[in-house]
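Working notes for the structure below.
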Amino acid sequence: MEFKNPQEELERFRSRIAVAGGFVLFCFMLLFARFLWLQVVQHNYYQTRAEDNRISLVPIVPNRGLIVDRNGAVLARNYSAYTLEITPSRAGDLERTIDGLAAIIEIEAKDRRRFKKLMDESKSFETLPIRTRLSDEEVAKFIAHRYRFPGVEIKARLFRQYPGGTFASHILGYIGRITDRDLEKIEAREEEANYRGTDHFGKTGLELRYEFDLHGVSGHEQVEVDAGGRAVRTLAHTPPIAGNQLTLTIDAELQRIAEHAFGDRKGSLVAIEPASGGILAMVSVPNYDPNMFVDGIDTQNWRELNESPDKPMVNRALNGAYPPGSTFKPFMALAALELGKRRPEQAISDPGFFNFGGHHFRDDKKGGHGMVDMYKSIVHSCDTYYYMLANDMGIDNISSFMGRLGLGSRTGIDIDGESEGVLPSQEWKKKRFRKPEQQKWYAGETISIGIGQGYNAYTPIQLAQATAIVANNGVMFRPHLVKYVTDTRTGDKRLIEPEPLRDLRLKPEHVEVIKNAMVGVNKEGTGARAFAGAGYVSAGKTGTAQVFSYKGAEHKTETMVAHLRDHALFIAYAPADKPTIALAVLVENGGFGAQAAAPIARQVLDYYLLGKKPKAPALPDEAAVERDDE
Amino acid sequence: MNPGIGLANLRVWWHKLVAPLDGPLMLVAGLLLLVAIGIMASASPERINAQLINVAVALVVMRILAQIPPQRLMHLAVPIYVAGVLLLIAVALFGDVSKGARRWLNLGFMRAQPSELMKIAMPLLLAWFFQQREAMPRLRDYAVAAILLLLPVALIARQPDLGTAILVLAAGFYVIFFAGLSWKIMIGMAVAAVAAAPLAWNLLHDYQRNRIITLFDPEKDPLGKGFHIIQSTIAIGSGGIFGKGWKSGTQAQLEFIPERHTDFIFAVYSEEFGLFGNLVLLALYALLIGRGLMIAANAATLFSRLLAGAVTMIFFTYAFVNMGMVAGILPVVGVPLPLVSYGGTALVTLFLGIGILMSIHGNRMLVQK
């Protein structure tokens, strides 16, 4: 049996106490060893980790460069405004969040649609604007309720603004949020670091082409942040460098007058300074308001713009390909002289048609123009003369000469996405069609080419450039919109040099014949009525192009919808002796060139040469039709 | 009569007040409270006032306990234990759920957490139990003790509240250990525990398993489960030898340390005071525990010894588990840093323990003078 031994029991207990004490010490040593490891051995590592936690590099987006016209008028600028932004990944139930916000701040259906579109285009951790341009009162209202909306915040952002609204929209283009395709471009230029805080990128026009000039250099701020990522204080600051300024060759007032001259008609006008290639005005109407794209356009407006039969999003000056109609004749005549196919005084007899293989190619004037030499063929726009000429020259001669004038190839203007147009030749037809019977060029097809019909299709800028080449006696410049780029930091101007592409080495006496005839057009020919009483001598050529489609690869004149009127064209330069401006005008479905297009050219030239401002758009001159025999 | 406004009266009154208190324990606890207030001023200054009230309440509780002789405590052991177990059962049946755990019992006028009570009730009961078998306890007695211990532990672990379960289990185990459980059995049980580990793994809740997984590889889930440990080890490591200075810890001030006024307050302290500060804190706890063990060694009865020893070791368990988890060598279980972490419940429990130690110390002579 056991018995109680208090002393022994106490000793046993005390030894257990000693063991416990030893265990405590051992455990504390263990802790101490761990502290030694963390705080002495690994100190530097954890020091760095703590700094990484604490310090964040916040990019500061630079001010985007301004775009101004040749006289300094601002066409694109920036302004700062508050936006209400949501980070979808942090906001939880988006619908409920937006409904909640709508109870405090006005959020229209349009804003919701735009937000949805932005969400589809971006990643969920990006912050996206639900409302832009908040008033101070709205900002205050939101701040009071902010705690209820995780993932929603107010930001001060710089917005791109195009003060002219729709004005010159096809030149300026617009910016929009960066997409994956834009990112590829940024990566290709190794600009990722510079774009870290940027969320917009040029999408079209100059905004796209000169994106890397306009963007500028991002600055950054070293800030101390808390665990929630909120900045607590600034440690260092490197200011951003604003983007470079673009000064255009465009004359804003001229552009305005030209756009205005179209009224509500569709069409395009391109005016070039012949001696430099600088573009003075480039119109494509109807236009659109690029401001709609800056905050992200909503689906409804986007659809309206894209599905409108008027195609406001298409830059007709660069992407519309139109048969040149009779404006082609001066170039045909020049080709004939250069190739020795005609002498200026050589006349033909015009019975009112040209017979080819039993088919009558009709002249517009019944009974014909009688005896027609080169001068008269241009001034009165005699078709028969050019049917015969085209037939004599053959398609490949025509094609190669017109190719030298830049027709049918991109001019190289400083906007992306220019179209080539169609310069038909035997070669072209072979490539264009797949069936062997369609690949063959028929001589009959050459004949309508002679009057600027048939497969021929050129962009307005190509026509303007060809006109400028004639005005400039055969020297060809690359058309450009930007005159110089100003470095915001140094003030240095980088000139976009007039770039002579080539000298066609035309015989001066040949050019003289054509120029003389074009002066005659505006003096006593088809353009005379539009230019009656002008205080300067101008040269021009009217044109009317039949509307037909290429898609079926056939002439569809038979099936063409009757109410589709012809396109009206006009090319011109002035003053005749020392041209400072050359232009091409196209009015879609405008009817006769003399009636619809020439008055527009008159308004533009009046302003450019005389400073005369028109009061009303250049309405079609109904009376001009009677005299017009294109 | 002069109703106690005279200086002499005041002195008498003060003597009466402090008589049952133990100087060394009071000093160390006071220093720890100073550390607590100091670090609270850095981690969460707006809570200082609330914590001071908690301290006042806890000190009153301590003072009351210090005056209750161990014999009276012994009489209370069984009723308290039974009440505690019944309350735990009530919690399991009708308790309020908060953060996924059923820990609180709504008593109408207040919410009580019966598991907290078990931290003291457990050693109290077991000490009473072994006192009843004053002679050399038999193996059967240990088995009964183990059942008495495991019943509430199981109830608490089921809530689930792993931190408290571990503390109660430890408190009970210390009594059994001090009562003289043979080393052979302990080693045998340790071996059995290791063998049973895979089985236990299956019984753990998912969040408990995650805590263990996270412990071994916190970087696996740096923003989720591992965030606490990663950020607290960064805080400790970046503190270096002398720390970043009071109120200058970037991890703490920029809110990278979660729960920085409660369970992770040690990370704040360690970041701002460094290895040097840690050494001071370890020394204070060592002194407190040392004093407690000394009181246990000199206690008059078996009940007092066992109770004093176990209560002292509860302090150790709190301190070691908390610092170990914050430093990333133990899993994250909800155990506060004793006397330093914000919160009234743990503070009251701990000062209750100090009060018991003081009472045992005051009654160390078998015969009162």
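Every chain in the structure tokens takes a letter, A first, then B, and so on in the order presented; its residues are numbered from 1, and the ligands are numbered from 1 following the presented order.
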*If we count only C-alpha atoms, what is near B:Phe320 at a cut-off of 9 Å, once residues fewer than 4 positions away on the same chain are taken out, given as a list in words?*
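In the requested form, the answer reads Val24, Cys27, Phe28 and Leu31 of chain A; Phe315, Phe316, Gly324, Met325 and Leu337 of chain B.
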Could those selected residues go to a file with all heavy atoms, as a PDB file, in the first residue's frame?
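After the write, result32.pdb holds the following:
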```
ATOM      1  N   VAL A  24      10.009  26.094 -20.339  1.00  0.00           N
ATOM      2  CA  VAL A  24       9.717  27.487 -20.662  1.00  0.00           C
ATOM      3  C   VAL A  24      10.966  28.145 -21.262  1.00  0.00           C
ATOM      4  O   VAL A  24      10.913  28.791 -22.307  1.00  0.00           O
ATOM      5  CB  VAL A  24       9.241  28.255 -19.411  1.00  0.00           C
ATOM      6  CG1 VAL A  24       9.215  29.757 -19.680  1.00  0.00           C
ATOM      7  CG2 VAL A  24       7.873  27.758 -18.978  1.00  0.00           C
ATOM      8  N   CYS A  27      11.648  26.905 -24.764  1.00  0.00           N
ATOM      9  CA  CYS A  27      10.735  27.473 -25.764  1.00  0.00           C
ATOM     10  C   CYS A  27      11.069  28.932 -26.053  1.00  0.00           C
ATOM     11  O   CYS A  27      11.004  29.393 -27.196  1.00  0.00           O
ATOM     12  CB  CYS A  27       9.289  27.359 -25.295  1.00  0.00           C
ATOM     13  SG  CYS A  27       8.673  25.683 -25.383  1.00  0.00           S
ATOM     14  N   PHE A  28      11.421  29.663 -24.980  1.00  0.00           N
ATOM     15  CA  PHE A  28      11.766  31.069 -25.189  1.00  0.00           C
ATOM     16  C   PHE A  28      13.055  31.204 -26.001  1.00  0.00           C
ATOM     17  O   PHE A  28      13.209  32.116 -26.813  1.00  0.00           O
ATOM     18  CB  PHE A  28      11.866  31.801 -23.837  1.00  0.00           C
ATOM     19  CG  PHE A  28      10.522  32.235 -23.299  1.00  0.00           C
ATOM     20  CD1 PHE A  28       9.339  31.727 -23.831  1.00  0.00           C
ATOM     21  CD2 PHE A  28      10.413  33.166 -22.278  1.00  0.00           C
ATOM     22  CE1 PHE A  28       8.096  32.122 -23.338  1.00  0.00           C
ATOM     23  CE2 PHE A  28       9.177  33.573 -21.785  1.00  0.00           C
ATOM     24  CZ  PHE A  28       8.016  33.049 -22.315  1.00  0.00           C
ATOM     25  N   LEU A  31      12.090  30.799 -29.512  1.00  0.00           N
ATOM     26  CA  LEU A  31      11.554  32.047 -30.045  1.00  0.00           C
ATOM     27  C   LEU A  31      12.683  33.027 -30.356  1.00  0.00           C
ATOM     28  O   LEU A  31      12.709  33.664 -31.399  1.00  0.00           O
ATOM     29  CB  LEU A  31      10.587  32.694 -29.044  1.00  0.00           C
ATOM     30  CG  LEU A  31       9.184  32.114 -28.955  1.00  0.00           C
ATOM     31  CD1 LEU A  31       8.389  32.834 -27.858  1.00  0.00           C
ATOM     32  CD2 LEU A  31       8.442  32.246 -30.280  1.00  0.00           C
TER      33      LEU A  31
ATOM     34  N   PHE B 315       0.083  31.256 -18.623  1.00  0.00           N
ATOM     35  CA  PHE B 315       0.754  32.462 -19.125  1.00  0.00           C
ATOM     36  C   PHE B 315       1.791  32.110 -20.188  1.00  0.00           C
ATOM     37  O   PHE B 315       1.889  32.734 -21.228  1.00  0.00           O
ATOM     38  CB  PHE B 315       1.442  33.214 -17.970  1.00  0.00           C
ATOM     39  CG  PHE B 315       0.512  34.113 -17.242  1.00  0.00           C
ATOM     40  CD1 PHE B 315      -0.243  33.650 -16.175  1.00  0.00           C
ATOM     41  CD2 PHE B 315       0.366  35.430 -17.639  1.00  0.00           C
ATOM     42  CE1 PHE B 315      -1.116  34.475 -15.512  1.00  0.00           C
ATOM     43  CE2 PHE B 315      -0.506  36.281 -16.985  1.00  0.00           C
ATOM     44  CZ  PHE B 315      -1.258  35.798 -15.911  1.00  0.00           C
ATOM     45  N   PHE B 316       2.564  31.091 -19.858  1.00  0.00           N
ATOM     46  CA  PHE B 316       3.591  30.662 -20.807  1.00  0.00           C
ATOM     47  C   PHE B 316       2.953  30.256 -22.137  1.00  0.00           C
ATOM     48  O   PHE B 316       3.412  30.630 -23.216  1.00  0.00           O
ATOM     49  CB  PHE B 316       4.400  29.494 -20.234  1.00  0.00           C
ATOM     50  CG  PHE B 316       5.079  28.688 -21.297  1.00  0.00           C
ATOM     51  CD1 PHE B 316       6.213  29.180 -21.945  1.00  0.00           C
ATOM     52  CD2 PHE B 316       4.581  27.449 -21.687  1.00  0.00           C
ATOM     53  CE1 PHE B 316       6.827  28.446 -22.944  1.00  0.00           C
ATOM     54  CE2 PHE B 316       5.192  26.722 -22.684  1.00  0.00           C
ATOM     55  CZ  PHE B 316       6.315  27.221 -23.324  1.00  0.00           C
ATOM     56  N   GLY B 324       4.932  32.676 -31.196  1.00  0.00           N
ATOM     57  CA  GLY B 324       5.303  31.650 -32.169  1.00  0.00           C
ATOM     58  C   GLY B 324       4.486  31.783 -33.450  1.00  0.00           C
ATOM     59  O   GLY B 324       5.012  31.672 -34.560  1.00  0.00           O
ATOM     60  N   MET B 325       3.212  32.070 -33.312  1.00  0.00           N
ATOM     61  CA  MET B 325       2.385  32.171 -34.521  1.00  0.00           C
ATOM     62  C   MET B 325       2.691  33.461 -35.284  1.00  0.00           C
ATOM     63  O   MET B 325       2.755  33.464 -36.507  1.00  0.00           O
ATOM     64  CB  MET B 325       0.891  32.053 -34.169  1.00  0.00           C
ATOM     65  CG  MET B 325       0.182  33.355 -33.936  1.00  0.00           C
ATOM     66  SD  MET B 325      -1.547  33.105 -33.428  1.00  0.00           S
ATOM     67  CE  MET B 325      -2.040  34.806 -33.195  1.00  0.00           C
ATOM     68  N   LEU B 337      -1.638  37.977 -27.114  1.00  0.00           N
ATOM     69  CA  LEU B 337      -0.391  38.126 -26.368  1.00  0.00           C
ATOM     70  C   LEU B 337      -0.787  38.525 -24.944  1.00  0.00           C
ATOM     71  O   LEU B 337      -1.425  39.550 -24.740  1.00  0.00           O
ATOM     72  CB  LEU B 337       0.465  39.216 -27.023  1.00  0.00           C
ATOM     73  CG  LEU B 337       1.890  39.372 -26.479  1.00  0.00           C
ATOM     74  CD1 LEU B 337       2.711  38.116 -26.710  1.00  0.00           C
ATOM     75  CD2 LEU B 337       2.586  40.570 -27.126  1.00  0.00           C
TER      76      LEU B 337
END
```
Using only C-alpha atoms, tabulate the residues of chain A lying at most 6 Å from any atom of chain B, each with its closest atom pair and that distance in Å to one decimal, by chain and increasing residue number, as a tab-separated table.
```
residue	atom	partner	partner_atom	distance
A:Lys4	CA	B:Ala135	CA	5.4
A:Arg14	CA	B:Ala297	CA	5.7
A:Arg16	CA	B:Phe178	CA	5.9
A:Leu38	CA	B:Gly237	CA	4.4
A:Gln39	CA	B:Gly237	CA	4.3
A:Val40	CA	B:Gly240	CA	5.9
A:His43	CA	B:Gly237	CA	5.1
A:Tyr46	CA	B:Ser238	CA	4.8
A:Gln47	CA	B:Ser238	CA	4.2
A:Asp226	CA	B:Leu254	CA	4.2
A:Ala227	CA	B:Phe256	CA	4.8
```
Next, write the just-selected residues to a file, as a PDB file, in the first residue's frame, keeping N, CA and C atoms as the atom set.
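Okay, part06.pdb is ready:
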```pdb
ATOM      1  N   LYS A   4       1.366   8.262   2.535  1.00  0.00           N
ATOM      2  CA  LYS A   4       1.652   9.646   2.221  1.00  0.00           C
ATOM      3  C   LYS A   4       3.004  10.054   2.778  1.00  0.00           C
ATOM      4  N   ARG A  14       8.453  19.674  -6.929  1.00  0.00           N
ATOM      5  CA  ARG A  14       9.422  20.724  -7.257  1.00  0.00           C
ATOM      6  C   ARG A  14      10.278  20.334  -8.451  1.00  0.00           C
ATOM      7  N   ARG A  16       9.207  18.593 -10.880  1.00  0.00           N
ATOM      8  CA  ARG A  16       8.333  18.853 -12.040  1.00  0.00           C
ATOM      9  C   ARG A  16       8.311  20.362 -12.376  1.00  0.00           C
ATOM     10  N   LEU A  38      15.073  36.073 -38.157  1.00  0.00           N
ATOM     11  CA  LEU A  38      14.301  37.062 -38.910  1.00  0.00           C
ATOM     12  C   LEU A  38      14.936  38.448 -38.863  1.00  0.00           C
ATOM     13  N   GLN A  39      15.374  38.842 -37.683  1.00  0.00           N
ATOM     14  CA  GLN A  39      15.731  40.247 -37.485  1.00  0.00           C
ATOM     15  C   GLN A  39      17.209  40.546 -37.720  1.00  0.00           C
ATOM     16  N   VAL A  40      18.035  39.528 -37.704  1.00  0.00           N
ATOM     17  CA  VAL A  40      19.461  39.782 -37.937  1.00  0.00           C
ATOM     18  C   VAL A  40      19.903  39.139 -39.255  1.00  0.00           C
ATOM     19  N   HIS A  43      17.402  40.113 -42.048  1.00  0.00           N
ATOM     20  CA  HIS A  43      16.893  41.479 -41.914  1.00  0.00           C
ATOM     21  C   HIS A  43      16.815  42.224 -43.243  1.00  0.00           C
ATOM     22  N   TYR A  46      13.855  41.152 -45.410  1.00  0.00           N
ATOM     23  CA  TYR A  46      12.551  41.641 -44.952  1.00  0.00           C
ATOM     24  C   TYR A  46      12.456  43.159 -45.025  1.00  0.00           C
ATOM     25  N   GLN A  47      13.606  43.807 -44.851  1.00  0.00           N
ATOM     26  CA  GLN A  47      13.649  45.268 -45.002  1.00  0.00           C
ATOM     27  C   GLN A  47      13.161  45.652 -46.407  1.00  0.00           C
ATOM     28  N   ASP A 226      -0.683  52.628 -48.157  1.00  0.00           N
ATOM     29  CA  ASP A 226      -1.057  51.715 -47.080  1.00  0.00           C
ATOM     30  C   ASP A 226      -1.523  50.403 -47.690  1.00  0.00           C
ATOM     31  N   ALA A 227      -1.939  49.489 -46.815  1.00  0.00           N
ATOM     32  CA  ALA A 227      -2.269  48.149 -47.295  1.00  0.00           C
ATOM     33  C   ALA A 227      -3.414  48.182 -48.295  1.00  0.00           C
TER      34      ALA A 227
END
```
_Computed interatomic separation between atom CA of A:Pro620 and atom CA of A:Pro479 (Å)_ = 29.2 Å
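When only C-alpha atoms are used to measure the gap to A:Val379, the shortest distance among A:Ala623, A:Val519, A:Ala616, A:Met29 belongs to A:Val519.
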*Select, from B:Val280, B:Met186, B:Leu162, B:Ile176, the residue with the minimum atom-to-atom distance to B:Pro331, counting only C-alpha atoms.*
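So, comparing all the options, the nearest one is B:Leu162.
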*Could you write out, as a count of residues only, all the residues of stretch 214-325 of chain B that DSSP marks as helix (DSSP H, G or I)?*
80
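The residue that comes closest to B:Arg63, out of B:Ala127, B:Val18, B:Ala77, B:Ile48 and on the basis of only C-alpha atoms, is B:Val18.
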*DSSP strand (DSSP E) selection over stretch 557-597 of chain A, as an NGL selection string*: :A and (567-574 or 581-587)
Could you write out the selected residues, including N, CA and C atoms, as a CSV table (one decimal), in the first residue's frame?
```csv
chain,number,residue,atom,x,y,z
A,567,HIS,N,-22.2,61.4,-109.7
A,567,HIS,CA,-21.3,62.2,-108.8
A,567,HIS,C,-20.8,63.5,-109.6
A,568,ALA,N,-20.8,64.6,-108.9
A,568,ALA,CA,-20.3,65.8,-109.5
A,568,ALA,C,-18.8,66.0,-109.1
A,569,LEU,N,-18.0,66.3,-110.1
A,569,LEU,CA,-16.6,66.6,-109.7
A,569,LEU,C,-16.1,67.9,-110.3
A,570,PHE,N,-15.0,68.4,-109.7
A,570,PHE,CA,-14.4,69.6,-110.2
A,570,PHE,C,-12.9,69.6,-109.7
A,571,ILE,N,-12.0,69.8,-110.6
A,571,ILE,CA,-10.6,70.0,-110.2
A,571,ILE,C,-10.2,71.5,-110.6
A,572,ALA,N,-9.3,72.1,-109.8
A,572,ALA,CA,-9.0,73.4,-110.1
A,572,ALA,C,-7.7,73.8,-109.5
A,573,TYR,N,-7.0,74.8,-110.0
A,573,TYR,CA,-5.9,75.5,-109.3
A,573,TYR,C,-5.9,76.9,-109.6
A,574,ALA,N,-5.3,77.7,-108.7
A,574,ALA,CA,-5.2,79.2,-108.9
A,574,ALA,C,-4.2,79.8,-108.1
A,581,ILE,N,-2.7,77.1,-104.8
A,581,ILE,CA,-3.6,76.1,-104.3
A,581,ILE,C,-4.2,75.3,-105.5
A,582,ALA,N,-4.2,74.0,-105.2
A,582,ALA,CA,-4.8,73.1,-106.2
A,582,ALA,C,-5.8,72.2,-105.5
A,583,LEU,N,-6.9,72.0,-106.1
A,583,LEU,CA,-8.0,71.2,-105.3
A,583,LEU,C,-8.8,70.3,-106.2
A,584,ALA,N,-9.4,69.4,-105.5
A,584,ALA,CA,-10.4,68.5,-106.2
A,584,ALA,C,-11.6,68.5,-105.3
A,585,VAL,N,-12.8,68.6,-106.0
A,585,VAL,CA,-14.1,68.6,-105.2
A,585,VAL,C,-14.9,67.4,-105.7
A,586,LEU,N,-15.6,66.7,-104.8
A,586,LEU,CA,-16.5,65.6,-105.3
A,586,LEU,C,-17.7,65.8,-104.5
A,587,VAL,N,-18.9,65.8,-105.2
A,587,VAL,CA,-20.1,65.9,-104.5
A,587,VAL,C,-20.9,64.6,-104.9
```
